[in-house]
>>> print(open('model.txt').read())   # compact mmCIF, C-alpha atoms
# COMPACT_ATOMS: atom_id res chain seq x y z
CA MET P 1 9.98 30.56 -18.45
CA SER P 2 8.73 27.36 -16.92
CA LEU P 3 5.17 26.63 -16.00
CA GLN P 4 6.03 25.05 -12.70
CA ARG P 5 3.24 24.30 -10.26
CA LYS P 6 2.01 27.63 -9.11
CA THR P 7 0.21 27.60 -5.83
CA ASN P 8 -2.17 30.44 -5.51
CA PRO P 9 -3.64 31.04 -2.04
CA LEU P 10 -7.17 30.04 -3.05
CA GLU P 11 -5.96 26.72 -4.41
CA THR P 12 -4.10 26.00 -1.20
CA LEU P 13 -7.22 26.76 0.80
CA ILE P 14 -9.32 24.36 -1.27
CA LEU P 15 -6.70 21.65 -1.04
CA ASP P 16 -6.43 22.01 2.70
CA ARG P 17 -10.13 21.30 2.95
CA HIS P 18 -9.53 18.06 1.09
CA ILE P 19 -6.96 16.97 3.67
CA ASP P 20 -9.90 16.23 5.98
CA LEU P 21 -11.32 13.92 3.34
CA VAL P 22 -7.97 12.24 2.89
CA GLU P 23 -7.82 11.59 6.64
CA LYS P 24 -11.31 10.07 6.57
CA CYS P 25 -10.30 7.88 3.64
CA ARG P 26 -7.42 6.59 5.70
CA THR P 27 -9.94 5.16 8.14
CA GLY P 28 -11.59 3.36 5.22
CA SER P 29 -14.67 5.59 4.86
CA SER P 30 -16.22 4.81 1.47
CA LYS P 31 -18.20 8.03 1.63
CA ALA P 32 -14.98 10.03 1.85
CA GLN P 33 -13.52 7.96 -0.97
CA TYR P 34 -16.46 8.85 -3.17
CA GLU P 35 -16.14 12.52 -2.27
CA LEU P 36 -12.49 12.51 -3.35
CA TYR P 37 -13.41 10.67 -6.53
CA ARG P 38 -16.13 13.21 -7.26
CA LEU P 39 -13.71 16.09 -6.73
CA TYR P 40 -10.81 14.72 -8.75
CA SER P 41 -12.22 12.26 -11.30
CA ARG P 42 -12.78 14.76 -14.08
CA SER P 43 -9.38 16.45 -13.89
CA MET P 44 -7.60 13.11 -13.47
CA PHE P 45 -9.55 11.53 -16.32
CA SER P 46 -8.61 14.52 -18.47
CA VAL P 47 -4.94 13.99 -17.64
CA ALA P 48 -5.18 10.34 -18.70
CA MET P 49 -7.21 11.20 -21.81
CA ARG P 50 -4.65 13.74 -22.97
CA ILE P 51 -1.82 11.24 -22.65
CA LEU P 52 -3.62 8.15 -23.91
CA ASN P 53 -6.13 9.62 -26.37
CA ASP P 54 -8.36 6.60 -25.80
CA THR P 55 -11.48 6.55 -23.63
CA GLY P 56 -11.26 2.87 -22.66
CA ASP P 57 -7.60 3.01 -21.67
CA ALA P 58 -8.08 6.29 -19.82
CA GLU P 59 -10.99 4.82 -17.84
CA ASP P 60 -8.89 1.78 -16.93
CA VAL P 61 -6.08 4.06 -15.79
CA LEU P 62 -8.49 6.21 -13.79
CA GLN P 63 -9.87 3.16 -12.01
CA GLU P 64 -6.43 1.70 -11.29
CA SER P 65 -5.09 5.02 -10.10
CA PHE P 66 -7.86 5.67 -7.58
CA ILE P 67 -7.52 2.12 -6.23
CA ASP P 68 -3.73 2.61 -6.01
CA ALA P 69 -4.25 5.92 -4.25
CA PHE P 70 -6.73 4.54 -1.70
CA ASP P 71 -4.46 1.57 -1.05
CA LYS P 72 -1.32 3.65 -0.67
CA LEU P 73 -2.88 6.54 1.16
CA GLU P 74 -0.59 6.16 4.17
CA SER P 75 2.42 6.84 1.96
CA PHE P 76 0.93 10.22 1.03
CA ARG P 77 2.55 12.94 3.07
CA SER P 78 1.13 16.39 3.18
CA GLU P 79 4.34 17.81 1.71
CA SER P 80 2.66 17.63 -1.69
CA THR P 81 -0.97 18.37 -2.31
CA PHE P 82 -3.29 15.39 -2.59
CA GLY P 83 -4.18 16.43 -6.13
CA GLY P 84 -0.52 16.62 -7.14
CA TRP P 85 0.20 13.24 -5.59
CA LEU P 86 -2.81 11.63 -7.28
CA LYS P 87 -1.94 13.24 -10.60
CA ARG P 88 1.51 11.70 -10.50
CA ILE P 89 -0.04 8.25 -9.99
CA VAL P 90 -2.37 8.85 -12.94
CA ILE P 91 0.53 10.01 -15.13
CA ASN P 92 2.73 7.06 -14.21
CA ASN P 93 -0.07 4.60 -14.90
CA SER P 94 -0.88 6.34 -18.20
CA ILE P 95 2.77 6.17 -19.28
CA ASN P 96 2.79 2.45 -18.47
CA TYR P 97 -0.21 1.99 -20.73
CA LEU P 98 1.51 3.96 -23.47
CA ARG P 99 4.62 1.84 -23.13
CA ALA P 100 2.48 -1.26 -23.44
CA ARG P 101 1.42 0.22 -26.78
CA ARG P 102 5.13 0.22 -27.59
CA VAL P 103 5.45 3.96 -27.64
CA LYS P 104 9.10 4.75 -27.11
CA PHE P 105 10.35 7.95 -25.65
CA GLU P 106 13.70 7.88 -27.33
CA ASP P 107 16.62 9.93 -26.35
CA ILE P 108 17.59 12.06 -29.28
CA ASP P 109 20.71 13.56 -27.77
CA ASN P 110 22.93 11.91 -30.33
CA HIS P 111 20.91 13.16 -33.25
CA PRO P 112 22.13 16.28 -35.04
CA GLU P 113 20.50 19.26 -33.41
CA VAL P 114 17.77 20.73 -35.53
CA ASP P 115 17.76 24.47 -35.63
CA ILE P 116 14.31 24.88 -34.30
CA GLU P 117 14.19 28.64 -33.97
CA ASP P 118 14.26 29.11 -37.74
CA GLU P 119 11.24 26.95 -38.25
CA THR P 120 9.04 28.53 -35.62
CA VAL P 121 5.52 29.01 -36.81
CA ASP P 122 4.34 32.55 -36.37
CA GLU P 123 1.90 32.30 -33.51
CA GLU P 124 0.77 35.88 -33.76
CA GLU P 125 -1.36 35.20 -36.80
CA LEU P 126 -3.29 32.54 -35.00
CA GLU P 127 -6.47 33.15 -33.13
CA LEU P 128 -6.59 30.53 -30.44
CA ARG P 129 -9.73 28.79 -29.27
CA VAL P 130 -9.75 26.31 -26.41
CA SER P 131 -11.80 23.68 -28.23
CA GLU P 132 -9.51 23.90 -31.26
CA VAL P 133 -6.33 23.69 -29.20
CA ARG P 134 -7.78 20.72 -27.32
CA ALA P 135 -8.66 18.92 -30.54
CA ALA P 136 -5.27 19.71 -32.08
CA ILE P 137 -3.45 18.25 -29.04
CA GLN P 138 -5.28 14.96 -29.55
CA LYS P 139 -4.07 14.89 -33.15
CA LEU P 140 -0.40 14.84 -32.11
CA ALA P 141 1.60 11.61 -32.16
CA ASP P 142 1.77 9.82 -28.78
CA GLY P 143 5.32 10.92 -27.91
CA TYR P 144 4.80 14.57 -28.81
CA ARG P 145 1.42 14.71 -27.12
CA THR P 146 2.78 13.31 -23.87
CA VAL P 147 5.69 15.73 -23.56
CA LEU P 148 3.55 18.67 -24.65
CA THR P 149 0.71 18.03 -22.21
CA LEU P 150 3.04 17.28 -19.31
CA TYR P 151 4.76 20.61 -19.84
CA LEU P 152 1.97 22.82 -21.11
CA LEU P 153 -1.01 21.53 -19.12
CA GLU P 154 0.20 19.48 -16.18
CA GLY P 155 2.80 22.05 -15.21
CA TYR P 156 5.91 19.89 -14.98
CA ASP P 157 9.28 21.33 -15.92
CA HIS P 158 11.70 19.54 -18.24
CA GLU P 159 13.70 18.12 -15.37
CA GLU P 160 10.59 16.42 -14.01
CA ILE P 161 9.42 15.26 -17.42
CA ALA P 162 12.86 13.76 -18.05
CA GLU P 163 12.48 11.79 -14.82
CA ILE P 164 8.90 10.69 -15.56
CA LEU P 165 9.68 9.50 -19.11
CA ASN P 166 13.21 8.34 -18.36
CA ILE P 167 14.74 10.55 -21.04
CA SER P 168 17.28 13.36 -20.85
CA GLU P 169 16.26 16.89 -20.06
CA SER P 170 17.44 18.16 -23.45
CA THR P 171 15.36 15.50 -25.20
CA SER P 172 12.36 16.72 -23.28
CA ARG P 173 13.06 20.31 -24.37
CA THR P 174 13.58 19.38 -28.00
CA GLN P 175 10.51 17.14 -28.10
CA TYR P 176 8.44 19.90 -26.55
CA ILE P 177 9.54 22.49 -29.07
CA ARG P 178 8.85 20.12 -31.95
CA ALA P 179 5.49 19.12 -30.54
CA LYS P 180 4.51 22.75 -30.13
CA LYS P 181 5.55 23.52 -33.70
CA ARG P 182 3.46 20.61 -34.94
CA LEU P 183 0.52 21.74 -32.83
CA LEU P 184 0.63 25.21 -34.32
CA GLU P 185 0.79 23.75 -37.82
CA ILE P 186 -2.35 21.75 -37.12
CA LEU P 187 -4.06 24.85 -35.75
CA LYS P 188 -3.13 26.86 -38.81
CA LYS P 189 -4.98 24.56 -41.15
CA MET L 1 9.34 34.12 -21.11
CA LYS L 2 6.06 32.48 -21.94
CA ASP L 3 4.93 32.44 -25.54
CA ARG L 4 1.43 33.11 -26.67
CA LEU L 5 0.32 29.47 -26.60
CA GLU L 6 1.66 28.99 -23.09
CA SER L 7 -0.06 32.11 -21.80
CA PHE L 8 -3.27 31.13 -23.55
CA VAL L 9 -3.30 27.65 -21.98
CA GLU L 10 -2.52 29.08 -18.57
CA GLU L 11 -5.40 31.52 -18.85
CA HIS L 12 -7.87 28.86 -19.91
CA ARG L 13 -6.40 25.96 -17.99
CA ASP L 14 -9.70 24.80 -16.42
CA GLU L 15 -11.43 24.65 -19.78
CA PHE L 16 -9.10 21.89 -20.86
CA ASP L 17 -10.37 19.44 -18.23
CA VAL L 18 -13.60 18.57 -19.99
CA TYR L 19 -13.38 14.81 -20.27
CA GLU L 20 -15.97 12.98 -18.19
CA PRO L 21 -15.42 9.36 -17.20
CA ASN L 22 -18.18 6.78 -17.40
CA PRO L 23 -20.03 6.38 -14.04
CA GLN L 24 -19.18 2.68 -14.28
CA VAL L 25 -15.60 3.57 -13.31
CA TRP L 26 -16.63 4.56 -9.80
CA ARG L 27 -18.76 1.43 -9.42
CA SER L 28 -15.73 -0.73 -10.29
CA ILE L 29 -13.53 1.17 -7.83
CA GLU L 30 -16.14 0.84 -5.08
CA LYS L 31 -16.52 -2.87 -5.76
CA THR L 32 -12.78 -3.47 -5.65
CA MET L 33 -12.36 -1.50 -2.45
CA ARG L 34 -15.20 -3.39 -0.79
CA ASN L 35 -13.84 -6.79 -1.76
CA GLU L 36 -10.34 -6.06 -0.60
CA PRO L 37 -9.65 -7.46 2.83
CA LYS L 38 -9.54 -4.53 5.14
CA VAL L 39 -6.27 -4.83 6.89
CA LEU L 40 -5.86 -2.60 9.86
CA LYS L 41 -2.80 -0.66 8.97
CA LEU L 42 -0.82 0.42 11.98
CA SER L 43 1.08 3.65 11.94
CA PHE L 44 4.82 3.61 12.54
CA ASN L 45 4.44 4.53 16.22
CA TRP L 46 1.97 1.75 16.83
CA ARG L 47 4.24 -0.72 15.12
CA ILE L 48 7.03 0.29 17.50
CA ALA L 49 4.65 -0.01 20.45
CA ALA L 50 3.56 -3.47 19.31
CA ALA L 51 7.18 -4.56 18.89
CA ILE L 52 8.05 -3.32 22.39
CA ALA L 53 5.03 -5.13 23.84
CA LEU L 54 6.18 -8.34 22.16
CA ILE L 55 9.71 -7.96 23.49
CA ILE L 56 8.46 -7.26 27.04
CA GLY L 57 6.11 -10.24 26.82
CA PHE L 58 8.91 -12.49 25.69
CA GLY L 59 11.25 -11.18 28.39
CA PHE L 60 8.60 -11.76 31.04
CA THR L 61 8.10 -15.35 29.88
CA VAL L 62 11.83 -16.02 30.06
CA PHE L 63 11.90 -14.44 33.51
CA ARG L 64 9.05 -16.64 34.70
CA VAL L 65 10.69 -19.78 33.42
CA ALA L 66 14.05 -18.91 34.94
CA ASN L 67 12.67 -17.94 38.33
CA ARG L 68 10.17 -20.70 38.79
CA THR L 69 10.67 -22.05 42.31
CA PRO L 70 11.52 -25.73 42.16
CA GLN L 71 8.88 -27.58 44.16
CA PRO L 72 7.82 -31.12 43.43
CA GLU L 73 10.99 -31.99 41.66
CA ASP L 74 13.04 -31.53 44.84
CA SER L 75 13.02 -35.25 45.51
CA LEU L 76 14.53 -35.73 42.08
CA ALA L 77 17.50 -33.57 42.99
CA LYS L 78 18.71 -36.08 45.52
CA ILE L 79 18.80 -38.75 42.85
CA ASN L 80 20.11 -36.81 39.90
CA PRO L 81 20.52 -33.01 40.13
CA GLU L 82 20.88 -32.69 36.37
CA TYR L 83 17.58 -34.42 35.73
CA ALA L 84 15.95 -32.40 38.47
CA GLN L 85 16.95 -29.20 36.74
CA THR L 86 15.62 -30.43 33.42
CA ALA L 87 12.43 -31.61 35.03
CA TYR L 88 11.64 -28.35 36.72
CA HIS L 89 12.31 -26.29 33.59
CA MET L 90 9.99 -28.59 31.73
CA ALA L 91 7.34 -28.35 34.41
CA ALA L 92 7.55 -24.57 34.23
CA LEU L 93 7.18 -24.64 30.49
CA ILE L 94 4.16 -26.91 30.84
CA ASP L 95 2.55 -24.47 33.29
CA ILE L 96 2.99 -21.60 30.85
CA LYS L 97 1.60 -23.59 27.96
CA ARG L 98 -1.32 -24.73 30.09
CA ASP L 99 -2.09 -21.11 30.86
CA GLU L 100 -2.13 -20.46 27.14
CA LEU L 101 -4.45 -23.40 26.58
CA LYS L 102 -6.81 -22.08 29.26
CA GLN L 103 -7.50 -19.04 27.10
CA ILE L 104 -9.66 -21.11 24.78
CA GLN L 105 -11.73 -22.50 27.67
CA LYS L 106 -14.44 -19.90 27.17
CA GLU L 107 -14.56 -19.87 23.40
CA GLN L 108 -14.28 -23.56 22.75
CA PRO L 109 -15.19 -25.47 25.95
CA GLU L 110 -15.48 -28.83 24.18
CA LEU L 111 -12.08 -28.62 22.59
CA TYR L 112 -10.57 -27.46 25.86
CA GLN L 113 -12.07 -30.38 27.73
CA GLU L 114 -10.71 -32.86 25.23
CA PHE L 115 -7.26 -31.30 25.23
CA SER L 116 -6.99 -31.04 29.01
CA GLY L 117 -8.30 -34.62 29.34
CA ASP L 118 -5.35 -35.89 27.29
CA LEU L 119 -2.99 -33.88 29.45
CA GLU L 120 -4.53 -35.14 32.68
CA ARG L 121 -3.85 -38.74 31.69
CA LEU L 122 -0.18 -37.97 31.18
CA ASP L 123 -0.01 -35.99 34.38
CA LYS L 124 -1.64 -38.80 36.42
CA ASN L 125 1.00 -41.10 35.05
CA TYR L 126 3.67 -38.65 36.12
CA GLN L 127 2.30 -38.27 39.65
CA ALA L 128 2.16 -42.08 40.00
CA MET L 129 5.79 -42.37 38.98
CA LYS L 130 6.73 -39.69 41.49
CA ILE L 131 5.19 -41.77 44.28
CA GLN L 132 6.91 -44.88 42.94
CA LEU L 133 10.24 -43.12 42.90
CA GLY L 134 10.77 -43.30 46.69
CA GLY L 135 10.68 -47.07 46.87
CA ALA L 136 11.92 -47.93 43.41
CA ALA L 137 14.92 -50.16 43.04
CA ASN L 138 16.11 -48.58 39.81
CA GLN L 139 15.49 -44.90 40.50
CA GLU L 140 17.38 -43.70 37.44
CA THR L 141 15.02 -45.56 35.11
CA VAL L 142 11.97 -44.05 36.80
CA VAL L 143 13.48 -40.58 36.59
CA GLU L 144 14.13 -41.08 32.91
CA ALA L 145 10.54 -42.17 32.44
CA MET L 146 9.37 -39.08 34.32
CA ILE L 147 11.41 -36.80 32.06
CA GLN L 148 10.05 -38.60 29.04
CA ASN L 149 6.55 -38.04 30.38
CA LEU L 150 7.18 -34.34 30.79
CA GLN L 151 8.54 -34.19 27.26
CA LEU L 152 5.37 -35.87 26.02
CA GLN L 153 3.28 -33.32 27.87
CA ILE L 154 5.19 -30.49 26.20
CA ASP L 155 4.86 -32.07 22.75
CA LEU L 156 1.18 -32.60 23.27
CA LEU L 157 0.65 -29.03 24.43
CA ASN L 158 2.59 -27.73 21.44
CA GLN L 159 0.42 -29.71 19.08
CA GLN L 160 -2.74 -28.55 20.79
CA LEU L 161 -1.67 -24.92 20.63
CA THR L 162 -0.81 -25.28 16.94
CA ILE L 163 -4.28 -26.66 16.26
CA ILE L 164 -5.85 -23.77 18.14
CA GLN L 165 -3.79 -21.29 16.19
CA ARG L 166 -4.89 -22.87 12.94
CA ILE L 167 -8.52 -22.66 13.98
CA ASN L 168 -8.08 -19.04 14.98
CA ASN L 169 -6.41 -18.19 11.68
CA LYS L 170 -9.27 -19.73 9.79
CA ASN L 171 -11.77 -17.75 11.80
CA LYS L 172 -9.80 -14.62 11.07
CA GLN L 173 -9.89 -15.32 7.37
CA TYR L 174 -13.64 -15.60 7.58
CA GLU L 175 -13.87 -12.30 9.31
CA ASN L 176 -11.56 -10.79 6.73
CA LYS L 177 -9.85 -8.98 9.48
CA GLY L 178 -6.35 -9.01 10.78
CA ILE L 179 -3.55 -6.92 12.01
CA ALA L 180 -0.61 -6.49 9.71
CA LEU L 181 2.56 -5.58 11.46
>>> encode(input="model.txt", output="structure tokens")
Amino acid sequence: MSLQRKTNPLETLILDRHIDLVEKCRTGSSKAQYELYRLYSRSMFSVAMRILNDTGDAEDVLQESFIDAFDKLESFRSESTFGGWLKRIVINNSINYLRARRVKFEDIDNHPEVDIEDETVDEEELELRVSEVRAAIQKLADGYRTVLTLYLLEGYDHEEIAEILNISESTSRTQYIRAKKRLLEILKK
Amino acid sequence: MKDRLESFVEEHRDEFDVYEPNPQVWRSIEKTMRNEPKVLKLSFNWRIAAAIALIIGFGFTVFRVANRTPQPEDSLAKINPEYAQTAYHMAALIDIKRDELKQIQKEQPELYQEFSGDLERLDKNYQAMKIQLGGAANQETVVEAMIQNLQLQIDLLNQQLTIIQRINNKNKQYENKGIAL
């Protein structure tokens, strides 16, 4: 059911190669720093763009996150992959930017439960295209877009999203289902 | 069970990462990293090693002070054993601090000469009093003066070492280098 981080063998192999680079960065090599930036900047920028939906903010977050990462490199342990560790920094910084925009991730536990199943949009009729899905995601409201991308694209489960956004797990689930419904409505048009 | 949207995204996951940052971003990162003072970060093991070295160094200093053989102050002991004890501890401390001062002899010979010149004057005074002591009518007063002289030497050395440390710190700031424990 969940899209938790899947580690396929090839991915692990690639990431292990990057461990060398991480070690070189620890010694302050700017060449190694650039290599890591080159390898991860696009995916990390995409993470920030999906959450923030604003090029300027996303570039600021990207810059801050890489500086944070290079500064805190000794706190990175190989238990997680470097990419996963860096991504979490990018996400946390992005969320901080969102909060500065006064986006609130409210807990909706006390609200009457909406019967979501009844309202599900029939996905089968839809022919999905990547560019359209991408564009539709950026049309979602900030709160919906964040929960949806964290779950659908960044591979976090609801427990993790709850922790990242400081909301309850059930709020994360409900928000995700609503966001997905909204996304499909946009795609239908 | 994954729904169609979830499966679709999983299949095309890489195609979603299409946003390219402005090359200026890297230039800003590079600039920031270059301007940050590069602090040599010691790993946990090295920090432990450094701490142990400090403790051993401190212990050794205490040991040296405590075991210093009383020499010139022996004559004092006949007059006032308490003063003699104080005097020889002070003399030992002065020796240690003088050793410390010697370390700047190479790097800053002028400063060293000036500092040791000031000390020599005090020490000459002390040696003169020691000679006086034998024939002095009021030995206690001379002994007190000797102790006071030693105290002055210690104060002076402390000030000198503080100045040296300040100079060193400034130099370090210029080099933008340091060791953070």
>>> closest_residue(input="model.txt", among="P:Ile161, P:Glu64, P:Thr81, P:Asp57", to="P:Ile19", atoms="all atoms listed in the file")
P:Thr81
>>> residues_around(input="model.txt", residues="P:Phe66", least_positions_apart="2", cutoff="8 Å", atoms="only C-alpha atoms", output="list in words")
Tyr37, Leu62, Gln63, Glu64, Asp68, Ala69, Phe70 and Leu86 of chain P; Ile29 of chain L
>>> atom_distance(input="model.txt", atom1="atom CA of P:Asn96", atom2="atom CA of P:Val147")
14.5 Å
>>> closest_residue(input="model.txt", among="L:Met146, L:Ile167, L:Leu5, L:Met33", to="L:Leu76", atoms="all atoms listed in the file")
L:Met146
>>> closest_residue(input="model.txt", among="P:Arg42, P:Arg101, P:Lys72, P:His158", to="chain L", atoms="only C-alpha atoms")
P:Arg42
>>> closest_residue(input="model.txt", among="P:Ser29, P:Asn53, P:Ser41, P:Asn92", to="chain L", atoms="all atoms listed in the file")
P:Ser41
>>> interface_residues(input="model.txt", of="chain L", to="chain P", cutoff="7 Å", atoms="only C-alpha atoms", output="list in words")
Met1, Lys2, Arg4, Glu6, Phe16, Asp17, Val18, Tyr19, Glu20, Pro21, Val25 and Ile29 of chain L
>>> residues_near_point(input="model.txt", point="(4.3, -38.9, 37.7)", cutoff="9 Å", atoms="all atoms listed in the file", output="ChimeraX atom specification")
/L:122-133,145-146,149-150
>>> atom_distance(input="model.txt", atom1="atom CA of P:Ile164", atom2="atom CA of P:Arg88")
9.0 Å
>>> atom_distance(input="model.txt", atom1="atom CA of L:Glu82", atom2="atom CA of L:Asn158")
24.1 Å
